[in-house]
>>> print(open('data-v7.pdb').read())   # PDB, C-alpha atoms
MODEL        1
ATOM      1  CA  MET U   8      32.866 188.504  60.807
ATOM      2  CA  SER U   9      29.874 186.586  62.221
ATOM      3  CA  LYS U  10      29.785 184.562  58.992
ATOM      4  CA  GLU U  11      33.389 183.465  59.627
ATOM      5  CA  ILE U  12      32.543 182.357  63.167
ATOM      6  CA  ASP U  13      29.552 180.361  61.920
ATOM      7  CA  SER U  14      31.764 178.478  59.464
ATOM      8  CA  TYR U  15      33.923 177.201  62.359
ATOM      9  CA  LYS U  16      31.113 175.595  64.359
ATOM     10  CA  VAL U  17      32.208 172.345  65.894
ATOM     11  CA  GLU U  18      29.893 169.390  65.842
ATOM     12  CA  LEU U  19      29.497 167.510  69.097
ATOM     13  CA  PRO U  20      31.594 164.351  68.895
ATOM     14  CA  ASP U  21      30.336 160.836  69.180
ATOM     15  CA  PRO U  22      30.331 159.757  72.905
ATOM     16  CA  ASP U  23      32.697 156.843  72.168
ATOM     17  CA  LEU U  24      35.105 159.134  70.337
ATOM     18  CA  SER U  25      34.898 161.645  73.196
ATOM     19  CA  SER U  26      35.689 158.880  75.688
ATOM     20  CA  LEU U  27      38.707 157.840  73.619
ATOM     21  CA  ALA U  28      39.903 161.451  73.496
ATOM     22  CA  ASP U  29      39.523 161.743  77.301
ATOM     23  CA  LYS U  30      41.637 158.609  77.821
ATOM     24  CA  ILE U  31      44.327 159.955  75.507
ATOM     25  CA  VAL U  32      44.327 163.333  77.277
ATOM     26  CA  GLN U  33      44.733 161.553  80.627
ATOM     27  CA  VAL U  34      47.719 159.556  79.353
ATOM     28  CA  ILE U  35      49.298 162.720  77.931
ATOM     29  CA  GLU U  36      48.842 164.587  81.239
ATOM     30  CA  GLU U  37      50.272 161.655  83.222
ATOM     31  CA  GLY U  38      53.219 161.518  80.834
ATOM     32  CA  LYS U  39      53.864 165.245  81.228
ATOM     33  CA  GLN U  40      53.795 164.935  85.018
ATOM     34  CA  ALA U  41      56.138 161.923  84.968
ATOM     35  CA  LEU U  42      58.492 163.845  82.690
ATOM     36  CA  VAL U  43      58.547 166.857  85.029
ATOM     37  CA  ILE U  44      59.330 164.608  88.016
ATOM     38  CA  SER U  45      62.036 162.769  86.078
ATOM     39  CA  ILE U  46      63.680 166.005  84.913
ATOM     40  CA  ASN U  47      63.537 167.430  88.447
ATOM     41  CA  GLN U  48      65.167 164.305  89.870
ATOM     42  CA  THR U  49      67.862 164.322  87.205
ATOM     43  CA  ILE U  50      68.657 167.996  87.809
ATOM     44  CA  LYS U  51      68.980 167.465  91.560
ATOM     45  CA  ASN U  52      71.076 164.333  91.123
ATOM     46  CA  THR U  53      73.370 166.078  88.636
ATOM     47  CA  TYR U  54      73.795 169.190  90.787
ATOM     48  CA  TRP U  55      74.447 167.144  93.934
ATOM     49  CA  LYS U  56      77.133 165.217  92.041
ATOM     50  CA  ILE U  57      78.708 168.483  90.829
ATOM     51  CA  GLY U  58      78.721 169.688  94.445
ATOM     52  CA  GLN U  59      80.404 166.450  95.485
ATOM     53  CA  TYR U  60      83.136 166.906  92.861
ATOM     54  CA  ILE U  61      83.765 170.478  93.996
ATOM     55  CA  VAL U  62      84.004 169.538  97.682
ATOM     56  CA  GLU U  63      86.254 166.554  96.966
ATOM     57  CA  PHE U  64      88.486 168.789  94.839
ATOM     58  CA  GLU U  65      88.679 171.335  97.677
ATOM     59  CA  GLN U  66      89.495 168.600 100.195
ATOM     60  CA  GLN U  67      92.577 167.552  98.261
ATOM     61  CA  GLY U  68      94.319 170.322 100.146
ATOM     62  CA  GLY U  69      96.373 171.687  97.299
ATOM     63  CA  ALA U  70      93.293 173.036  95.585
ATOM     64  CA  ARG U  71      92.585 175.385  98.488
ATOM     65  CA  ALA U  72      96.164 176.680  98.417
ATOM     66  CA  LYS U  73      96.360 176.917  94.621
ATOM     67  CA  TYR U  74      92.933 178.441  93.892
ATOM     68  CA  GLY U  75      91.873 179.922  97.226
ATOM     69  CA  SER U  76      88.512 181.657  97.205
ATOM     70  CA  SER U  77      88.591 182.071  93.411
ATOM     71  CA  LEU U  78      87.979 178.365  92.769
ATOM     72  CA  LEU U  79      84.261 178.737  92.011
ATOM     73  CA  SER U  80      84.755 181.888  89.938
ATOM     74  CA  ASN U  81      87.444 180.248  87.819
ATOM     75  CA  LEU U  82      85.422 177.059  87.505
ATOM     76  CA  ALA U  83      82.336 179.051  86.465
ATOM     77  CA  LYS U  84      84.299 180.764  83.674
ATOM     78  CA  LEU U  85      85.677 177.457  82.433
ATOM     79  CA  LEU U  86      82.271 175.732  82.514
ATOM     80  CA  ARG U  87      80.590 178.652  80.748
ATOM     81  CA  ALA U  88      83.115 178.245  77.909
ATOM     82  CA  LYS U  89      82.612 174.463  77.777
ATOM     83  CA  VAL U  90      78.849 174.003  78.358
ATOM     84  CA  GLY U  91      77.249 177.438  78.319
ATOM     85  CA  ARG U  92      75.111 179.204  80.881
ATOM     86  CA  GLY U  93      73.735 177.836  84.157
ATOM     87  CA  TYR U  94      76.969 177.254  86.028
ATOM     88  CA  SER U  95      77.641 180.666  87.539
ATOM     89  CA  HIS U  96      79.624 181.170  90.740
ATOM     90  CA  PRO U  97      76.423 181.468  92.862
ATOM     91  CA  ASN U  98      74.869 178.373  91.268
ATOM     92  CA  LEU U  99      78.054 176.346  91.764
ATOM     93  CA  ASN U 100      78.096 177.509  95.382
ATOM     94  CA  ASN U 101      74.497 176.274  95.790
ATOM     95  CA  MET U 102      75.532 172.888  94.356
ATOM     96  CA  ARG U 103      78.428 172.765  96.797
ATOM     97  CA  LYS U 104      76.132 173.619  99.722
ATOM     98  CA  PHE U 105      73.579 171.056  98.520
ATOM     99  CA  TYR U 106      76.233 168.357  98.758
ATOM    100  CA  LEU U 107      77.479 169.545 102.151
ATOM    101  CA  LEU U 108      74.028 169.944 103.722
ATOM    102  CA  TYR U 109      72.562 166.762 102.219
ATOM    103  CA  PRO U 110      75.538 164.362 102.192
ATOM    104  CA  ASN U 111      73.311 161.289 102.002
ATOM    105  CA  PHE U 112      71.205 162.439  99.069
ATOM    106  CA  GLN U 113      70.476 159.463  96.887
ATOM    107  CA  ILE U 114      68.070 158.080  94.357
ATOM    108  CA  SER U 115      66.139 155.170  95.836
ATOM    109  CA  ASP U 116      65.262 151.957  94.021
ATOM    110  CA  ASN U 117      61.855 153.329  92.988
ATOM    111  CA  SER U 118      63.459 156.490  91.562
ATOM    112  CA  ALA U 119      61.970 158.715  94.269
ATOM    113  CA  PRO U 120      64.785 160.892  95.606
ATOM    114  CA  ILE U 121      65.625 160.648  99.282
ATOM    115  CA  ILE U 122      67.310 163.496 101.111
ATOM    116  CA  GLN U 123      68.882 162.693 104.453
ATOM    117  CA  THR U 124      70.655 165.475 106.318
ATOM    118  CA  SER U 125      72.434 163.453 108.978
ATOM    119  CA  GLU U 126      72.229 160.175 110.818
ATOM    120  CA  LYS U 127      71.348 161.965 114.069
ATOM    121  CA  SER U 128      68.367 163.914 112.810
ATOM    122  CA  ALA U 129      67.510 161.337 110.164
ATOM    123  CA  SER U 130      65.591 163.968 108.246
ATOM    124  CA  THR U 131      64.679 162.010 105.164
ATOM    125  CA  CYS U 132      62.176 163.393 102.705
ATOM    126  CA  GLN U 133      60.897 160.487 100.695
ATOM    127  CA  THR U 134      58.474 162.817  98.926
ATOM    128  CA  SER U 135      61.162 165.292  97.963
ATOM    129  CA  ASP U 136      60.146 165.037  94.312
ATOM    130  CA  LYS U 137      57.983 167.998  95.367
ATOM    131  CA  LEU U 138      61.158 169.988  96.004
ATOM    132  CA  THR U 139      62.619 171.542  92.882
ATOM    133  CA  TRP U 140      66.169 172.768  92.460
ATOM    134  CA  SER U 141      64.839 176.278  93.114
ATOM    135  CA  HIS U 142      63.409 175.094  96.461
ATOM    136  CA  ILE U 143      66.781 173.596  97.341
ATOM    137  CA  CYS U 144      68.562 176.854  96.431
ATOM    138  CA  GLU U 145      66.314 178.624  98.963
ATOM    139  CA  LEU U 146      66.776 175.931 101.608
ATOM    140  CA  VAL U 147      70.591 175.850 101.443
ATOM    141  CA  THR U 148      70.699 179.511 102.454
ATOM    142  CA  ILE U 149      69.349 178.544 105.908
ATOM    143  CA  ASP U 150      72.220 177.782 108.272
ATOM    144  CA  ASP U 151      70.199 176.333 111.164
ATOM    145  CA  GLN U 152      69.399 172.674 110.489
ATOM    146  CA  LEU U 153      66.174 172.612 112.530
ATOM    147  CA  GLU U 154      64.919 175.700 110.750
ATOM    148  CA  ARG U 155      65.883 174.259 107.362
ATOM    149  CA  ASP U 156      64.110 170.987 108.248
ATOM    150  CA  PHE U 157      61.033 172.997 109.264
ATOM    151  CA  TYR U 158      60.853 174.833 105.932
ATOM    152  CA  GLU U 159      61.601 171.662 103.976
ATOM    153  CA  LYS U 160      58.740 169.849 105.719
ATOM    154  CA  GLU U 161      56.361 172.759 105.159
ATOM    155  CA  CYS U 162      57.247 172.910 101.458
ATOM    156  CA  ILE U 163      56.423 169.243 101.080
ATOM    157  CA  SER U 164      53.332 169.003 103.266
ATOM    158  CA  GLU U 165      51.800 172.349 102.263
ATOM    159  CA  GLY U 166      52.891 172.285  98.616
ATOM    160  CA  TRP U 167      54.662 175.639  98.865
ATOM    161  CA  THR U 168      55.912 177.194  95.671
ATOM    162  CA  VAL U 169      59.396 178.688  95.670
ATOM    163  CA  ASP U 170      57.835 182.154  95.987
ATOM    164  CA  GLU U 171      55.835 181.030  99.030
ATOM    165  CA  LEU U 172      58.953 179.514 100.616
ATOM    166  CA  HIS U 173      60.819 182.765 100.019
ATOM    167  CA  ARG U 174      57.968 184.789 101.572
ATOM    168  CA  GLN U 175      57.819 182.522 104.597
ATOM    169  CA  LYS U 176      61.598 182.800 105.068
ATOM    170  CA  GLU U 177      61.424 186.588 104.767
ATOM    171  CA  ASP U 178      58.673 186.625 107.410
ATOM    172  CA  ALA U 179      60.901 184.355 109.568
ATOM    173  CA  ARG U 180      57.995 181.999 110.260
ATOM    174  CA  GLY U 181      60.210 179.010 110.982
ATOM    175  CA  HIS U 182      62.577 180.991 113.169
ATOM    176  CA  ARG U 183      59.671 182.390 115.223
ATOM    177  CA  CYS U 184      58.079 178.954 115.621
ATOM    178  CA  LEU U 185      61.344 177.387 116.740
ATOM    179  CA  ARG U 186      62.315 180.319 119.000
ATOM    180  CA  THR U 187      58.967 180.602 120.786
ATOM    181  CA  GLY U 188      58.516 176.863 121.173
ATOM    182  CA  SER U 189      55.013 177.085 119.745
ATOM    183  CA  TRP U 190      55.830 174.113 117.564
ATOM    184  CA  HIS U 191      57.268 170.858 118.822
ATOM    185  CA  HIS U 192      59.257 168.841 116.355
ATOM    186  CA  ILE U 193      58.507 165.179 116.532
ATOM    187  CA  TRP U 194      60.598 162.827 114.485
ATOM    188  CA  HIS U 195      58.461 159.955 113.265
ATOM    189  CA  GLY U 196      60.539 157.404 111.448
ATOM    190  CA  PHE U 197      62.539 159.409 108.944
ATOM    191  CA  LYS U 198      59.973 162.132 108.349
ATOM    192  CA  PRO U 199      59.943 165.227 110.547
ATOM    193  CA  PHE U 200      56.561 166.699 111.332
ATOM    194  CA  CYS U 201      55.318 169.348 113.705
ATOM    195  CA  LEU U 202      52.414 169.444 116.089
ATOM    196  CA  LYS U 203      51.044 172.817 117.126
ATOM    197  CA  VAL U 204      50.478 173.089 120.875
TER     198      VAL U 204
ENDMDL
END
>>> encode(input="data-v7.pdb", output="structure tokens")
Amino acid sequence: MSKEIDSYKVELPDPDLSSLADKIVQVIEEGKQALVISINQTIKNTYWKIGQYIVEFEQQGGARAKYGSSLLSNLAKLLRAKVGRGYSHPNLNNMRKFYLLYPNFQISDNSAPIIQTSEKSASTCQTSDKLTWSHICELVTIDDQLERDFYEKECISEGWTVDELHRQKEDARGHRCLRTGSWHHIWHGFKPFCLKV
């Protein structure tokens, strides 16, 4: 076996060749990161648009009377037959909530998504490319807007994973901070941030 290992010895590359390889690796890594961001933005844009279609369909009035509470279940079955998995009743409900809670979601000119909850709070996350669809699914389960804004800000500024966001929600960190007044929300421009007192 040691003879086999010896036959696979790698010679140290020429420094110029090594430098070229490093440049290529950097470009590949940058490309992968850009692709991840682009896919994430496309997913969020697509799901927000699906949520918009669902809400607009519901607001036609007749849809509520004709389909009632089974609208999302029936739609999920139809979509599963047409496009496959990924459009279950719970996922469609998350898309619907995404649209309702972030009515001003848009893609800016520089392709960085902007999420704005309302004109009053002006909670716009210009760095929301750090929020994945899974983050948004966790955030839309929070009914209180201030609490949701708190967790959204923490996800972005602290780089929370979805698991960390879920843990923090389970521990009710945001609720405790808001309830006890140990954090003061200060709205600076369109970005909410907190100062600990």
>>> resolve_selection(input="data-v7.pdb", expression="the PyMOL selection byres ((chain U and resi 138) around 9)", output="list in words")
Asn47, Thr134, Ser135, Asp136, Lys137, Thr139, Trp140, Ser141, His142, Ile143, Glu159, Cys162, Ile163, Gly166, Thr168 and Val169 of chain U
>>> resolve_selection(input="data-v7.pdb", expression="the PyMOL selection byres ((chain U and resi 58) around 6)", output="list of chain:residue names")
U:Trp55, U:Lys56, U:Ile57, U:Gln59, U:Tyr60, U:Ile61, U:Met102, U:Arg103, U:Tyr106
>>> atom_distance(input="data-v7.pdb", atom1="atom CA of U:Asp170", atom2="atom CA of U:Ile35")
27.9 Å
>>> atom_distance(input="data-v7.pdb", atom1="atom CA of U:Cys144", atom2="atom CA of U:Leu79")
16.4 Å
>>> atom_distance(input="data-v7.pdb", atom1="atom CA of U:Leu82", atom2="atom CA of U:Asp151")
28.1 Å
>>> closest_residue(input="data-v7.pdb", among="U:Lys104, U:Lys30, U:His96, U:Lys89", to="U:Asp150", atoms="all atoms listed in the file")
U:Lys104
>>> closest_residue(input="data-v7.pdb", among="U:Leu24, U:Leu107, U:Ala41, U:Ser76", to="U:Glu63", atoms="all atoms listed in the file")
U:Leu107
